[in-house]
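The file my_file_17.cif comes next; it holds mmCIF, C-alpha atoms.
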```cif
data_work
#
loop_
_atom_site.label_atom_id
_atom_site.label_comp_id
_atom_site.auth_asym_id
_atom_site.auth_seq_id
_atom_site.Cartn_x
_atom_site.Cartn_y
_atom_site.Cartn_z
CA MET A 1 48.88 115.72 115.19
CA GLY A 2 47.40 116.23 111.75
CA ARG A 3 46.33 114.36 108.67
CA ARG A 4 48.02 112.80 105.67
CA VAL A 5 49.86 115.36 103.54
CA PRO A 6 47.95 116.20 100.34
CA GLU A 7 49.72 115.34 97.08
CA GLY A 8 49.97 119.00 96.09
CA ILE A 9 51.97 120.10 99.14
CA ALA A 10 55.77 120.08 99.09
CA ASN A 11 57.36 119.26 102.45
CA ARG A 12 60.93 120.51 102.91
CA VAL A 13 61.29 120.01 106.69
CA ARG A 14 63.95 117.28 106.43
CA GLU A 15 65.89 119.19 103.77
CA VAL A 16 65.95 122.41 105.81
CA ARG A 17 66.80 120.56 109.06
CA GLN A 18 69.69 118.73 107.43
CA ALA A 19 71.00 121.94 105.83
CA ARG A 20 71.26 123.36 109.34
CA ALA A 21 73.03 120.19 110.61
CA LEU A 22 70.36 119.78 113.27
CA PRO A 23 69.71 116.20 114.42
CA GLN A 24 66.09 115.07 114.24
CA ALA A 25 65.91 114.44 117.99
CA ASP A 26 67.18 117.96 118.76
CA LEU A 27 64.67 119.64 116.45
CA ALA A 28 61.85 117.55 117.88
CA ARG A 29 62.80 118.46 121.45
CA ARG A 30 63.14 122.16 120.66
CA CYS A 31 59.67 122.12 119.01
CA GLY A 32 58.01 120.14 121.81
CA LEU A 33 57.46 117.08 119.62
CA SER A 34 58.42 113.45 119.91
CA ARG A 35 61.09 112.28 117.50
CA GLN A 36 58.50 109.88 116.06
CA ALA A 37 56.08 112.75 115.38
CA LEU A 38 58.81 114.75 113.62
CA SER A 39 59.76 111.67 111.62
CA ALA A 40 56.15 111.28 110.45
CA ILE A 41 56.04 114.95 109.43
CA GLU A 42 59.35 114.69 107.54
CA ALA A 43 58.23 111.50 105.80
CA GLY A 44 55.03 113.17 104.63
CA ARG A 45 52.76 110.87 106.60
CA TYR A 46 51.27 113.81 108.51
CA VAL A 47 50.82 117.51 107.98
CA PRO A 48 51.30 119.46 111.23
CA ASN A 49 48.74 121.84 112.62
CA THR A 50 49.43 125.57 112.42
CA ALA A 51 51.01 125.82 115.88
CA VAL A 52 53.50 123.03 115.15
CA ALA A 53 54.32 124.42 111.69
CA LEU A 54 55.03 127.81 113.26
CA ARG A 55 57.29 126.25 115.92
CA LEU A 56 59.19 124.28 113.26
CA ALA A 57 59.71 127.42 111.20
CA ARG A 58 60.82 129.48 114.20
CA VAL A 59 63.36 126.90 115.36
CA LEU A 60 64.65 126.37 111.80
CA GLY A 61 64.88 130.13 111.23
CA CYS A 62 62.61 130.29 108.20
CA ALA A 63 59.04 130.95 107.14
CA VAL A 64 56.35 128.26 107.21
CA GLU A 65 56.13 128.66 103.42
CA ASP A 66 59.78 127.56 103.21
CA LEU A 67 58.78 124.26 104.84
CA PHE A 68 55.32 123.63 103.34
CA ALA A 69 54.22 125.09 100.01
CA PRO A 70 52.18 124.16 96.95
CA ARG A 71 54.15 121.97 94.54
CA GLN A 72 55.30 123.73 91.40
CA VAL A 73 53.68 122.24 88.30
#
```
I'd like the structure from this file rewritten - as structure tokens, please.
Amino acid sequence: MGRRVPEGIANRVREVRQARALPQADLARRCGLSRQALSAIEAGRYVPNTAVALRLARVLGCAVEDLFAPRQV
């Protein structure tokens, strides 16, 4: 799936998903992921590969940079 999310990367997947009132299981299914994999991504335990990040962004109707971006200092 990926590796642990670096400290300097902001992960907004959960925030964007919830703003669209999309249940975790539905987003996971639409992206071809298990709910457990999506949960790990949302919790910041894993950073997705490029293909998964692109699918998440497409389904959520945003850019990858809206989901994963450098933290503002």
### Message
Which residue is closest to Gly44 (chain A)? Choose from A:Cys62, A:Ala57, A:Ala19, A:Leu67 and count only C-alpha atoms.
### Response
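Closest candidate: A:Leu67.
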### Best match for closeness to Glu7 (chain A) among A:Ala37, A:Cys31, A:Val47, A:Val59, counting only C-alpha atoms
A:Val47
### Query
Counting all atoms listed in the file, which of A:Gln72, A:Val64, A:Gly8, A:Arg58 gets nearest to Arg30 (chain A)?
A:Arg58
### Task
Evaluate the PyMOL selection byres ((chain A and resi 15) around 12) and record the selected residues as a ChimeraX atom specification, following the chain and residue labels used in the document.
/A:10-14,16-24,42-43,60,66-68
#### Entry: Selection dump of the PyMOL selection byres ((chain A and resi 51) around 12), as a VMD selection string
chain A and resid 1 to 2 31 to 33 47 to 50 52 to 58 64
